[in-house]
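What follows is one structure encoded as structure tokens, with my remarks underneath.
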Amino acid sequence: MTYCIIFVTCPNKKAANKIVGTLLKKKLIACANVLSGVKSKYRWKGKIKSSSEVLIIMKTKSKLFNAVKKEIKSLHSYKVPEIICVKIDKGLKNYLKWIKDVTI
């Protein structure tokens with residue numbers, strides 16, 4: 001079994017909580033950290049932009065990534081949302097087992 005961390009930025013806490021709540025209810029993620037106060041700088045349509053955002057850090061099984069991505073895309077307000085998946089190489093065995101046990 002492999003596990004991953006998924007990073008997603010949102011425009012505000014309400015949007016982030018909606019995504020997290022849906023994914024938790026559907027057992028697609030084990031948990032999420034919602035971090036406010038993120039300052040993002042990026043290039044968009046030929047200009048350098050700056051925004052205040054909320055970052056979601058989610059933990060799940062790697063095999064659930066496509067389902068998570070599909071759900072996020074359906075709920076997210078951004079035209080091109082940040083959805084990045086990073087494999088977990090190592091972790092506390094009991095924590096990884098917990099992820100396995102609480103997701104589908």
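Lettering and numbering for the structure tokens are positional, with chains as A, B, ... in the shown order, residues counted from 1 in each chain, and ligands counted from 1 in the shown order.
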Surrounding residues of Ile83 in chain A excluding itself and chain neighbours under 5 positions, 12 Å, only C-alpha atoms, as a PyMOL selection string: chain A and resi 5-10+55-58+65-66+68-73+76+78
Tell me, as a PyMOL selection string, which residues lie within 12 Å of Lys25 in chain A, counting only C-alpha atoms; anything in the same chain fewer than 4 positions away does not count. chain A and resi 17-21+29-31+68+71+102-104
Restrict the selected residues to C-alpha atoms and save them as a PDB file, in the first residue's frame.
ATOM      1  CA  ASN A  17     -13.658  23.553   4.438  1.00  0.00           C
ATOM      2  CA  LYS A  18     -16.226  22.631   1.774  1.00  0.00           C
ATOM      3  CA  ILE A  19     -13.645  20.575  -0.129  1.00  0.00           C
ATOM      4  CA  VAL A  20     -12.266  18.926   3.016  1.00  0.00           C
ATOM      5  CA  GLY A  21     -15.728  18.130   4.378  1.00  0.00           C
ATOM      6  CA  ILE A  29      -8.927  11.313   2.594  1.00  0.00           C
ATOM      7  CA  ALA A  30      -7.962  10.413   6.159  1.00  0.00           C
ATOM      8  CA  CYS A  31      -7.325  13.967   7.326  1.00  0.00           C
ATOM      9  CA  VAL A  68      -9.777  13.073  -4.937  1.00  0.00           C
ATOM     10  CA  GLU A  71     -13.918  15.753  -6.550  1.00  0.00           C
ATOM     11  CA  VAL A 102     -10.255   5.249   7.634  1.00  0.00           C
ATOM     12  CA  THR A 103     -10.344   5.618   3.846  1.00  0.00           C
ATOM     13  CA  ILE A 104     -12.161   3.524   1.265  1.00  0.00           C
TER      14      ILE A 104
END
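Of the listed residues A:Leu35, A:Leu24, A:Ser50, A:Ala16, the one whose atoms come nearest to Pro81 in chain A is A:Ala16, with distances taken using only C-alpha atoms.
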Measuring between only C-alpha atoms, which one of A:Lys13, A:Trp44, A:Gly91, A:Asn33 shows the shortest distance to Lys79 in chain A? A:Trp44
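For the choices A:Pro11, A:Arg43, A:Ser62, A:Ser52, the atom-to-atom distance to Asp89 in chain A is smallest for A:Ser62 when using only C-alpha atoms.
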